[in-house]
Amino acid sequence: MRMRAPLVLGFLVGVFVLVQFFIPHKGLADVLEMLSNWGMIVGTFALVLGLASLLRTHVDKIRQRRPAWGYSFITLGSFVLMLTLGLIWGPDKGTPFDWLFKWVQVPLDSTVFSLLPSFMASAAYRSFRARSTEATILLITAVIVILGRVPLGGQLTHGHLPHLTSGLMIYPAVGAKRGIIFGVALGVIATSLRIILGIERSHLGGD
């Protein structure tokens with residue numbers, strides 16, 4: 001019974017959300033809006049549970065003095081500090097919360113993102129080795145795109161390379177991207193149907 005009730009509820013809600021897209025009726029739209037509001041409430045509780053799990057994990061790490069437990073102490077301290085400032089002064093412009101976010105959080109984000117080029121260069125070096133036909137095509141395409149995006153490539157080829165780069169970015173790249181999106185959409189549809197029909201039960205703790 002504990003497993004059957006969530007399965008039945010998920011089936012009914014899933015079928016309703018699927019059917020209401022094909023039946024334009026105000027009553028169904030109102031019910032969908034109500035279900036969406038319920039979903040936001042459940043999501044809020046899930047956020048609280050996630051924060052509780054985060055706190056418990058880092059507290060246990062500090063108590064047991066696990067490797068790099070100092071970072072857990074910094075995480076908890078930052079969490080408590082920002083929460084306290086937000087509750088007392090709010091997140092409005094000019095508050096201590098806004099000051100820390102602007103002058104601490106934003107620079108830290110920029111620092112993390114600035115490290116991405118080094119990882120991308122390392123991954124490109126490993127991927128662009130012409131060990132197979134596919135790798136060779138990838139290498140040639142990457143060289144064309146890189147040279148076509150900088151002024152030097154246009155000057156060396158009298159403007160032909162940038163046009164070739166634009167053609168590669170507009171047609172083959174967009175076509176491959178849409179194919180990937182189409183495959184992801186089919187995967188989402190298949191997973192949704194498995195959940196609605198009760199075949200997929202991992203989200204309920206089943207097999």
# chains A, B, ... in the order shown; residues from 1 in each chain; ligands from 1
$ residues_around --residues "stretch 94-108 of chain A" --least-positions-apart "6" --cutoff "12 Å" --atoms "only C-alpha atoms" --output "PyMOL selection string"
chain A and resi 78-88+114-115
$ residues_around --residues "A:Gly10" --least-positions-apart "3" --cutoff "12 Å" --atoms "only C-alpha atoms" --output "ChimeraX atom specification"
/A:3-7,13-18,192-201,203-204
$ closest_residue --among "A:Ala190, A:Leu138, A:Leu76, A:Ile144" --to "A:Leu51" --atoms "only C-alpha atoms"
A:Leu76
$ closest_residue --among "A:Gln155, A:Thr57, A:Gln20, A:Thr141" --to "A:Phe73" --atoms "only C-alpha atoms"
A:Thr57
$ atom_distance --atom1 "atom CA of A:Ile140" --atom2 "atom CA of A:Pro172"
14.1 Å
